[in-house]
$ cat model_18.txt   # compact mmCIF, C-alpha atoms
# COMPACT_ATOMS: atom_id res chain seq x y z
CA MET A 1 108.10 77.36 98.85
CA ASP A 2 108.39 78.29 102.54
CA TYR A 3 107.50 75.77 105.21
CA GLY A 4 107.50 78.19 108.14
CA TYR A 5 110.01 79.30 110.74
CA PHE A 6 111.70 77.70 113.71
CA ASN A 7 114.36 78.38 116.33
CA TYR A 8 112.98 81.84 117.19
CA ILE A 9 115.15 84.34 119.05
CA THR A 10 113.63 87.46 120.66
CA HIS A 11 115.81 90.55 120.92
CA TRP A 12 115.17 93.52 123.22
CA PRO A 13 117.54 96.17 121.82
CA GLY A 14 118.91 98.79 124.14
CA GLY A 15 121.58 101.46 123.99
CA ARG A 16 122.70 103.38 120.93
CA TRP A 17 123.98 100.31 119.07
CA GLY A 18 120.86 98.27 119.84
CA TRP A 19 118.58 101.00 118.58
CA TRP A 20 120.66 101.31 115.40
CA GLU A 21 120.32 97.58 114.80
CA TRP A 22 116.55 97.77 115.34
CA ARG A 23 116.14 100.67 112.89
CA ARG A 24 118.24 98.80 110.35
CA ALA A 25 116.11 95.64 110.67
CA TRP A 26 112.86 97.61 110.57
CA TRP A 27 113.90 99.57 107.48
CA ARG A 28 115.01 96.50 105.54
CA PHE A 29 111.66 94.78 106.04
CA TYR A 30 109.90 96.73 103.26
CA GLN A 31 112.97 98.01 101.44
CA ALA A 32 112.33 95.86 98.38
CA ASP A 33 108.59 96.65 98.30
CA ARG A 34 107.92 99.01 95.41
CA ARG A 35 104.76 100.41 97.02
CA TRP A 36 106.37 101.45 100.31
CA SER A 37 107.27 105.13 100.68
CA PRO A 38 109.97 105.33 103.39
CA PRO A 39 109.98 108.20 105.87
CA ASP A 40 112.81 110.69 105.81
CA TYR A 41 115.73 108.57 106.99
CA ALA A 42 117.57 111.15 109.09
CA THR A 43 114.38 112.37 110.74
CA PHE A 44 113.26 108.81 111.49
CA GLY A 45 116.43 108.25 113.47
CA GLN A 46 115.82 111.41 115.47
CA LEU A 47 112.17 110.58 116.14
CA THR A 48 112.93 107.12 117.48
CA ALA A 49 115.92 108.16 119.58
CA PRO A 50 115.22 107.22 123.22
CA THR A 51 116.59 110.63 124.29
CA HIS A 52 113.72 112.48 122.59
CA PRO A 53 111.72 114.41 125.24
CA HIS A 54 108.51 112.58 124.33
CA TRP A 55 110.00 109.21 125.27
CA GLN A 56 110.88 110.43 128.73
CA ALA A 57 107.19 110.17 129.62
CA VAL A 58 105.97 107.49 127.20
CA ARG A 59 107.95 104.30 127.72
CA GLN A 60 108.84 102.40 124.58
CA GLN A 61 110.75 99.20 123.95
CA PRO A 62 111.96 98.02 120.53
CA ILE A 63 111.59 94.33 119.82
CA THR A 64 112.76 92.10 116.98
CA LEU A 65 112.28 88.40 116.29
CA GLU A 66 114.75 86.34 114.33
CA ALA A 67 114.17 82.79 113.12
CA LEU A 68 115.47 80.15 110.79
CA THR A 69 113.47 79.61 107.60
CA ARG A 70 112.65 76.15 106.33
CA ARG A 71 112.81 76.00 102.56
CA ALA A 72 111.98 73.01 100.43
CA ALA A 73 114.51 71.26 98.25
CA LYS A 74 113.47 70.69 94.64
CA ASN A 75 111.43 67.58 93.85
CA ASP A 76 113.48 64.73 92.54
CA ALA A 77 112.91 63.03 89.21
CA LEU A 78 110.50 60.52 90.75
CA GLY A 79 108.22 63.29 92.05
CA MET A 80 108.79 62.44 95.70
CA GLN A 81 107.81 64.88 98.45
CA PRO A 82 110.49 67.54 98.98
CA ALA A 83 112.75 67.36 101.99
CA LEU A 84 113.24 70.34 104.30
CA SER A 85 116.57 71.97 103.68
CA ALA A 86 118.39 75.25 103.02
CA PHE A 87 118.01 76.80 106.47
CA SER A 88 118.52 80.57 106.59
CA GLU A 89 118.21 83.01 109.47
CA SER A 90 116.35 86.28 109.06
CA THR A 91 114.46 88.98 110.95
CA VAL A 92 110.80 87.95 110.87
CA ALA A 93 109.19 90.68 113.03
CA ALA A 94 109.92 94.12 114.45
CA ALA A 95 107.91 96.67 116.42
CA LEU A 96 107.98 99.30 119.13
CA VAL A 97 105.90 98.56 122.23
CA GLN A 98 104.69 101.77 123.87
CA VAL A 99 103.06 102.47 127.23
CA ASP A 100 101.49 105.88 127.77
CA PRO A 101 101.12 106.97 131.41
CA SER A 102 97.60 108.23 130.67
CA GLU A 103 96.48 104.69 129.76
CA GLU A 104 96.21 102.25 132.65
CA GLU A 105 95.61 98.99 130.75
CA THR A 106 96.56 99.57 127.10
CA ALA A 107 99.91 99.30 125.36
CA TYR A 108 100.44 100.15 121.71
CA LEU A 109 102.16 98.14 119.01
CA ALA A 110 103.81 100.82 116.88
CA LEU A 111 105.59 100.54 113.51
CA LEU A 112 104.70 96.85 113.18
CA ARG A 113 106.57 94.65 110.73
CA CYS A 114 105.81 90.94 110.54
CA ALA A 115 106.43 88.08 108.14
CA ASN A 116 103.50 86.27 106.54
CA ASP A 117 103.25 83.71 109.32
CA GLU A 118 100.65 83.38 112.10
CA GLU A 119 103.02 81.77 114.59
CA THR A 120 105.48 84.62 114.16
CA LEU A 121 102.77 87.17 114.92
CA GLU A 122 101.63 85.21 117.99
CA ARG A 123 105.18 85.02 119.31
CA LEU A 124 105.63 88.76 118.76
CA LEU A 125 102.37 89.53 120.57
CA ASP A 126 103.28 87.24 123.46
CA ALA A 127 106.66 88.90 123.89
CA ALA A 128 105.23 92.42 123.53
CA LEU A 129 102.46 91.80 126.06
CA GLN A 130 104.93 90.22 128.46
CA TRP A 131 106.90 93.47 128.51
CA ALA A 132 103.73 95.58 128.61
CA GLY A 133 102.35 93.44 131.43
CA GLU A 134 105.36 94.35 133.53
CA GLN A 135 104.23 97.97 133.08
CA GLY A 136 100.70 97.11 134.25
CA CYS A 137 99.00 96.74 130.84
CA THR A 138 96.64 93.93 129.90
CA GLN A 139 96.02 94.51 126.20
CA LEU A 140 97.77 95.57 123.01
CA VAL A 141 96.35 97.88 120.35
CA GLY A 142 97.88 98.21 116.92
CA PRO A 143 99.30 98.68 114.49
CA THR A 144 99.89 102.39 115.12
CA GLY A 145 102.36 105.05 114.11
CA LEU A 146 104.88 106.57 116.49
CA LEU A 147 101.92 108.47 117.94
CA PRO A 148 98.83 106.24 118.38
CA ALA A 149 96.55 108.96 116.99
CA TRP A 150 98.69 109.28 113.84
CA GLN A 151 99.12 106.73 111.03
CA SER A 152 97.21 104.01 112.87
CA GLY A 153 95.73 100.88 111.33
CA ALA A 154 96.60 98.19 108.79
CA LEU A 155 95.92 98.94 105.13
CA LEU A 156 93.17 96.66 103.76
CA ASP A 157 92.94 97.49 100.05
CA HIS A 158 94.22 99.59 97.13
CA PHE A 159 97.53 97.76 97.24
CA HIS A 160 98.13 98.64 93.58
CA MET A 161 98.54 102.30 94.55
CA THR A 162 101.32 104.11 96.36
CA PRO A 163 99.67 105.31 99.59
CA PRO A 164 99.69 109.08 100.15
CA LEU A 165 102.32 110.67 102.35
CA HIS A 166 101.87 110.07 106.09
CA THR A 167 99.47 107.13 105.70
CA PRO A 168 100.08 103.52 106.79
CA TYR A 169 101.38 100.92 104.38
CA ASN A 170 101.73 97.15 104.69
CA PRO A 171 101.68 94.13 102.35
CA PRO A 172 98.27 92.54 101.61
CA TYR A 173 98.89 89.57 103.90
CA LEU A 174 99.21 91.59 107.11
CA PRO A 175 95.51 92.26 107.84
CA ASP A 176 94.77 88.59 107.17
CA ILE A 177 97.20 87.31 109.79
CA LEU A 178 96.23 90.08 112.22
CA ALA A 179 92.59 89.01 111.97
CA THR A 180 93.48 85.41 112.84
CA THR A 181 94.88 86.42 116.24
CA MET A 182 93.62 89.91 117.10
CA THR A 183 90.15 91.48 117.23
CA PRO A 184 89.26 94.31 114.81
CA SER A 185 88.40 97.39 116.86
CA CYS A 186 88.49 100.53 114.71
CA HIS A 187 87.69 101.00 111.02
CA THR A 188 88.72 104.13 109.12
CA ALA A 189 89.11 105.32 105.55
CA LEU A 190 91.16 107.85 103.66
CA TYR A 191 89.07 110.42 101.77
CA ARG A 192 90.00 111.94 98.44
CA TRP A 193 88.43 114.64 96.29
CA PRO A 194 89.33 116.49 93.06
CA THR A 195 90.59 120.04 93.36
CA PRO A 196 87.84 122.46 92.24
CA ALA A 197 88.36 124.63 89.18
CA ASP A 198 87.99 127.78 91.30
CA SER A 199 87.28 128.72 94.90
CA PRO A 200 85.44 131.74 96.37
CA LEU A 201 87.31 133.97 98.78
CA PRO A 202 87.40 132.43 102.29
CA THR A 203 85.13 134.92 104.05
CA GLY A 204 83.48 134.24 107.41
CA PRO A 205 83.40 135.09 111.11
CA ALA A 206 87.07 134.29 111.78
CA VAL A 207 90.33 135.89 110.77
CA LEU A 208 92.65 133.52 108.90
CA THR A 209 96.39 133.97 109.35
CA THR A 210 99.40 131.82 108.47
CA LEU A 211 100.01 129.03 110.95
CA ASP A 212 103.49 128.46 112.32
CA PRO A 213 103.58 124.67 113.00
CA LEU A 214 105.40 125.34 116.29
CA ARG A 215 102.13 126.82 117.61
CA LEU A 216 100.81 123.25 117.67
CA THR A 217 102.96 122.74 120.75
CA GLY A 218 101.53 125.84 122.45
CA ASP A 219 98.32 127.84 122.05
CA CYS A 220 97.06 125.56 119.23
CA LEU A 221 97.71 122.28 121.08
CA HIS A 222 94.00 121.83 121.82
CA LEU A 223 93.24 122.15 118.10
CA LEU A 224 95.92 119.59 117.26
CA ASN A 225 94.22 117.12 119.61
CA GLU A 226 90.83 118.00 118.18
CA GLY A 227 92.07 117.30 114.66
CA LEU A 228 93.99 114.08 115.37
CA ASN A 229 91.78 112.63 118.08
CA PRO A 230 88.24 114.06 117.88
CA GLU A 231 86.61 110.95 119.34
CA GLY A 232 89.04 110.70 122.27
CA ALA A 233 89.98 107.16 121.31
CA TRP A 234 93.74 107.72 121.67
CA PRO A 235 95.97 109.30 124.33
CA ARG A 236 95.94 113.07 124.06
CA LEU A 237 99.13 114.76 122.92
CA ASP A 238 101.06 116.93 125.34
CA ALA A 239 103.62 119.54 124.30
CA ALA A 240 106.43 116.97 123.93
CA ALA A 241 104.28 114.68 121.77
CA ALA A 242 103.17 117.67 119.69
CA ALA A 243 106.83 118.58 119.17
CA LEU A 244 107.44 115.04 117.86
CA PHE A 245 104.48 115.46 115.49
CA VAL A 246 105.84 118.75 114.18
CA GLN A 247 109.25 117.14 113.72
CA MET A 248 107.64 114.40 111.59
CA LEU A 249 106.33 117.03 109.19
CA ALA A 250 109.48 119.16 109.10
CA PRO A 251 111.25 117.44 106.15
CA TYR A 252 108.41 118.38 103.77
CA PRO A 253 106.98 121.75 102.61
CA THR A 254 104.05 122.75 104.82
CA ALA A 255 101.33 125.39 104.61
CA GLY A 256 98.79 126.11 107.32
CA TRP A 257 96.25 128.60 108.57
CA VAL A 258 94.78 129.34 111.96
CA ALA A 259 91.30 130.83 112.39
CA THR A 260 91.01 133.27 115.28
CA VAL A 261 88.07 135.07 116.87
CA ASP A 262 88.96 137.89 119.24
CA GLU A 263 92.58 136.68 118.92
CA GLU A 264 91.64 133.23 120.23
CA PRO A 265 92.53 130.21 118.00
CA VAL A 266 89.27 128.42 117.19
CA GLY A 267 90.24 126.45 114.07
CA LEU A 268 93.13 125.47 111.86
CA ALA A 269 94.15 123.58 108.75
CA LEU A 270 97.53 122.15 107.75
CA VAL A 271 98.44 120.86 104.28
CA GLN A 272 101.45 119.43 102.46
CA PRO A 273 102.11 118.28 98.91
CA ASP A 274 101.80 114.51 98.61
CA LEU A 275 105.46 113.55 98.22
CA ALA A 276 105.00 109.81 98.74
CA GLU A 277 106.26 109.01 95.25
CA VAL A 278 109.25 111.30 95.74
CA MET A 279 110.20 109.56 98.98
CA ARG A 280 109.73 106.15 97.35
CA ARG A 281 112.08 107.00 94.49
CA ALA A 282 114.55 108.61 96.88
CA GLY A 283 114.58 105.58 99.17
CA GLY A 284 113.78 107.88 102.08
CA GLY A 285 116.99 109.82 101.44
CA ARG A 286 119.08 107.11 103.04
CA SER A 287 121.82 107.42 100.40
CA TRP A 288 123.50 110.61 99.26
CA PRO A 289 122.03 110.40 95.73
CA GLY A 290 118.59 109.74 97.19
CA ARG A 291 118.94 112.66 99.56
CA ALA A 292 119.96 114.97 96.73
CA TYR A 293 117.06 113.82 94.57
CA ALA A 294 114.55 114.33 97.41
CA ALA A 295 115.87 117.84 98.10
CA TRP A 296 115.46 118.73 94.42
CA ALA A 297 112.07 117.05 93.93
CA LYS A 298 110.50 118.62 97.02
CA GLY A 299 110.77 122.00 95.33
CA ARG A 300 109.02 120.80 92.17
CA PRO A 301 105.22 121.13 91.67
CA ALA A 302 103.27 118.17 93.07
CA VAL A 303 100.20 116.64 91.43
CA ALA A 304 98.37 115.90 94.69
CA GLY A 305 98.09 117.31 98.17
CA ARG A 306 97.50 116.09 101.71
CA LEU A 307 95.20 117.72 104.23
CA LEU A 308 97.06 116.65 107.34
CA LEU A 309 94.99 118.38 109.96
CA ALA A 310 91.74 120.33 110.15
CA ALA A 311 89.78 121.22 113.26
CA VAL A 312 87.30 123.69 114.72
CA THR A 313 86.64 123.92 118.45
CA PRO A 314 83.22 122.50 119.42
CA ALA A 315 81.94 125.89 120.60
CA TRP A 316 82.46 127.42 117.14
CA ARG A 317 81.19 124.63 114.90
CA GLY A 318 78.29 125.31 112.61
CA GLN A 319 79.16 129.00 112.25
CA GLY A 320 81.04 128.92 108.97
CA ILE A 321 84.63 128.60 110.18
CA GLY A 322 85.03 125.14 108.71
CA GLU A 323 83.81 126.48 105.38
CA GLN A 324 86.33 129.32 105.58
CA LEU A 325 89.16 126.89 106.09
CA TRP A 326 87.85 124.63 103.32
CA ARG A 327 87.90 127.51 100.83
CA GLN A 328 91.41 128.47 101.92
CA ILE A 329 92.58 124.88 101.35
CA ALA A 330 90.95 124.82 97.91
CA ALA A 331 92.55 128.15 96.94
CA HIS A 332 95.98 126.89 98.01
CA ALA A 333 95.49 123.61 96.08
CA ILE A 334 94.53 125.49 92.92
CA ALA A 335 97.56 127.76 93.18
CA ALA A 336 99.85 124.76 93.82
CA GLY A 337 98.46 122.85 90.83
CA TRP A 338 97.22 119.85 92.82
CA LYS A 339 94.73 117.69 90.94
CA THR A 340 93.47 115.86 94.03
CA ILE A 341 93.61 116.19 97.81
CA SER A 342 93.47 113.40 100.37
CA ALA A 343 92.61 113.59 104.06
CA GLY A 344 92.24 111.26 106.98
CA PRO A 345 91.85 108.49 107.67
CA PHE A 346 88.51 109.06 109.45
CA ALA A 347 85.88 106.76 110.89
CA ALA A 348 82.82 106.60 108.62
CA ASP A 349 80.52 108.05 111.31
CA SER A 350 82.88 110.88 112.30
CA ALA A 351 82.19 114.59 111.85
CA GLY A 352 85.28 114.87 109.63
CA ALA A 353 84.02 112.18 107.26
CA ALA A 354 80.57 113.79 107.14
CA PHE A 355 82.05 117.22 106.31
CA LEU A 356 84.30 115.84 103.57
CA THR A 357 81.52 113.74 102.04
CA ALA A 358 79.24 116.78 101.94
CA HIS A 359 81.95 118.58 99.97
CA GLY A 360 82.41 115.86 97.36
CA ALA A 361 85.08 113.65 98.91
CA THR A 362 84.83 109.88 98.55
CA PRO A 363 86.42 107.13 100.67
CA ALA A 364 89.49 105.43 99.23
CA GLN A 365 91.98 103.27 101.17
CA ARG A 366 90.54 101.53 104.22
CA TYR A 367 92.34 100.73 107.50
CA THR A 368 91.65 98.63 110.57
CA THR A 369 93.18 98.72 114.04
CA TYR A 370 93.17 95.57 116.19
CA THR A 371 93.27 94.68 119.88
CA TRP A 372 94.68 91.63 121.65
CA SER A 373 94.94 90.41 125.21
CA ALA A 374 96.32 87.25 126.76
CA TRP A 375 92.87 86.16 127.96

$ encode --input "model_18.txt" --output "structure tokens"
Amino acid sequence: MDYGYFNYITHWPGGRWGWWEWRRAWWRFYQADRRWSPPDYATFGQLTAPTHPHWQAVRQQPITLEALTRRAAKNDALGMQPALSAFSESTVAAALVQVDPSEEETAYLALLRCANDEETLERLLDAALQWAGEQGCTQLVGPTGLLPAWQSGALLDHFHMTPPLHTPYNPPYLPDILATTMTPSCHTALYRWPTPADSPLPTGPAVLTTLDPLRLTGDCLHLLNEGLNPEGAWPRLDAAAAALFVQMLAPYPTAGWVATVDEEPVGLALVQPDLAEVMRRAGGGRSWPGRAYAAWAKGRPAVAGRLLLAAVTPAWRGQGIGEQLWRQIAAHAIAAGWKTISAGPFAADSAGAAFLTAHGATPAQRYTTYTWSAW
């Protein structure tokens, strides 16, 4: 039985070796968790490299906490209280603190890992806000993904299931300790629906053509922001951030469509097979056997799909373009053999949630994002 942690040490990694050590500590946190689907290992290293163009504008600082663990010695024959013994040092928290130049007061706590201990979380928040305060920020928001508008929130339920690809995962204790220190600020849910038996042809006012994901960094950037951040709650993505988003998706098969009217992009949809179970079995492709298995399994039929992105510009909503894209998604899912499709997460009162609910989707996993300030 654990009796807590003591003798904390805070590390602020820097340089190539420091970043390697941080990635190693972060990865090992959930490595033994059978419900965690790791990201593609090689791509993760590229995405977090401080030389990536996105991080030239958005400042980020990795942080890790190490501590000694108090463990109890076994009770003696007389049933006396156990003595504290068997000290062992371990990494008890890891995160990336990010400061976006478009946000004057808010810093983001990305890729959060924390032991089941309130004091550890408080120490991590204190250290993170100390660094963020030097950048002019007064509050932290998290947990988030590498991009605040993507993979944000702590998972609250459905811990018996492997979360779909590109959705947050954490052990059941994390939202409990977050709620003891931080304030819940945003509630979202993943939506899931069964693939229909058939789908009518996607006819409507727009022309649907195949979407090259690289267009998300150019003439479709406004649609990317509309799909990821329709409420404007997160920093908008620029071309460099969009390039990072596209790079996240690159290790997995992708299909997409853009809806154009008079050659102007007014809507889009982007889907992938749900390969979470593949990445879990492959260990993120960190080893050569895992990498070989992932490369083979990605070409096999998947049983479920992920709607990663769907958006229609405000001026063209209510004119059937969303329905066109929906039918195109359904036709692709039928051809791919997917039994279910998941999308989101979305806030319950969002337009995306309303559209999906009207088409038979139901909420599944729930997520919450939290805020914290020093006063």

$ residues_around --input "model_18.txt" --residues "Leu121 (chain A)" --least-positions-apart "6" --cutoff "8 Å" --atoms "all atoms listed in the file" --output "PyMOL selection string"
chain A and resi 93+114-115+177-178

$ atom_distance --input "model_18.txt" --atom1 "CA of Ile341 (chain A)" --atom2 "CA of Asn229 (chain A)"
20.7 Å

$ closest_residue --input "model_18.txt" --among "A:Thr51, A:Thr260, A:Thr362, A:Ser350" --to "Glu231 (chain A)" --atoms "all atoms listed in the file"
A:Ser350

$ residues_around --input "model_18.txt" --residues "Val278 (chain A)" --least-positions-apart "2" --cutoff "8 Å" --atoms "only C-alpha atoms" --output "list in words"
Leu275, Ala276, Arg280, Arg281, Ala282, Ala294, Ala297 and Lys298 of chain A

$ residues_around --input "model_18.txt" --residues "Thr64 (chain A)" --least-positions-apart "4" --cutoff "9 Å" --atoms "all atoms listed in the file" --output "PyMOL selection string"
chain A and resi 9-13+22+25-26+91-96+124

$ write_last_selection --input "model_18.txt" --atoms "C-alpha atoms" --output "short mmCIF file (atom, residue, chain, number, x, y, z; two decimals), keeping the file's coordinate frame"
data_model
loop_
_atom_site.label_atom_id
_atom_site.label_comp_id
_atom_site.auth_asym_id
_atom_site.auth_seq_id
_atom_site.Cartn_x
_atom_site.Cartn_y
_atom_site.Cartn_z
CA ILE A 9 115.15 84.34 119.05
CA THR A 10 113.63 87.46 120.66
CA HIS A 11 115.81 90.55 120.92
CA TRP A 12 115.17 93.52 123.22
CA PRO A 13 117.54 96.17 121.82
CA TRP A 22 116.55 97.77 115.34
CA ALA A 25 116.11 95.64 110.67
CA TRP A 26 112.86 97.61 110.57
CA THR A 91 114.46 88.98 110.95
CA VAL A 92 110.80 87.95 110.87
CA ALA A 93 109.19 90.68 113.03
CA ALA A 94 109.92 94.12 114.45
CA ALA A 95 107.91 96.67 116.42
CA LEU A 96 107.98 99.30 119.13
CA LEU A 124 105.63 88.76 118.76
#

$ residues_around --input "model_18.txt" --residues "Ala304 (chain A)" --least-positions-apart "5" --cutoff "7 Å" --atoms "only C-alpha atoms" --output "list in words"
Pro273, Asp274, Trp338, Lys339, Thr340 and Ile341 of chain A

$ closest_residue --input "model_18.txt" --among "A:Trp257, A:Tyr169, A:Tyr41, A:Trp193" --to "Leu223 (chain A)" --atoms "only C-alpha atoms"
A:Trp257

$ closest_residue --input "model_18.txt" --among "A:Ala343, A:Ala154, A:Ile329, A:Leu174" --to "Leu228 (chain A)" --atoms "all atoms listed in the file"
A:Ala343

$ closest_residue --input "model_18.txt" --among "A:His187, A:Arg16, A:Arg327, A:Arg317" --to "Leu208 (chain A)" --atoms "only C-alpha atoms"
A:Arg327
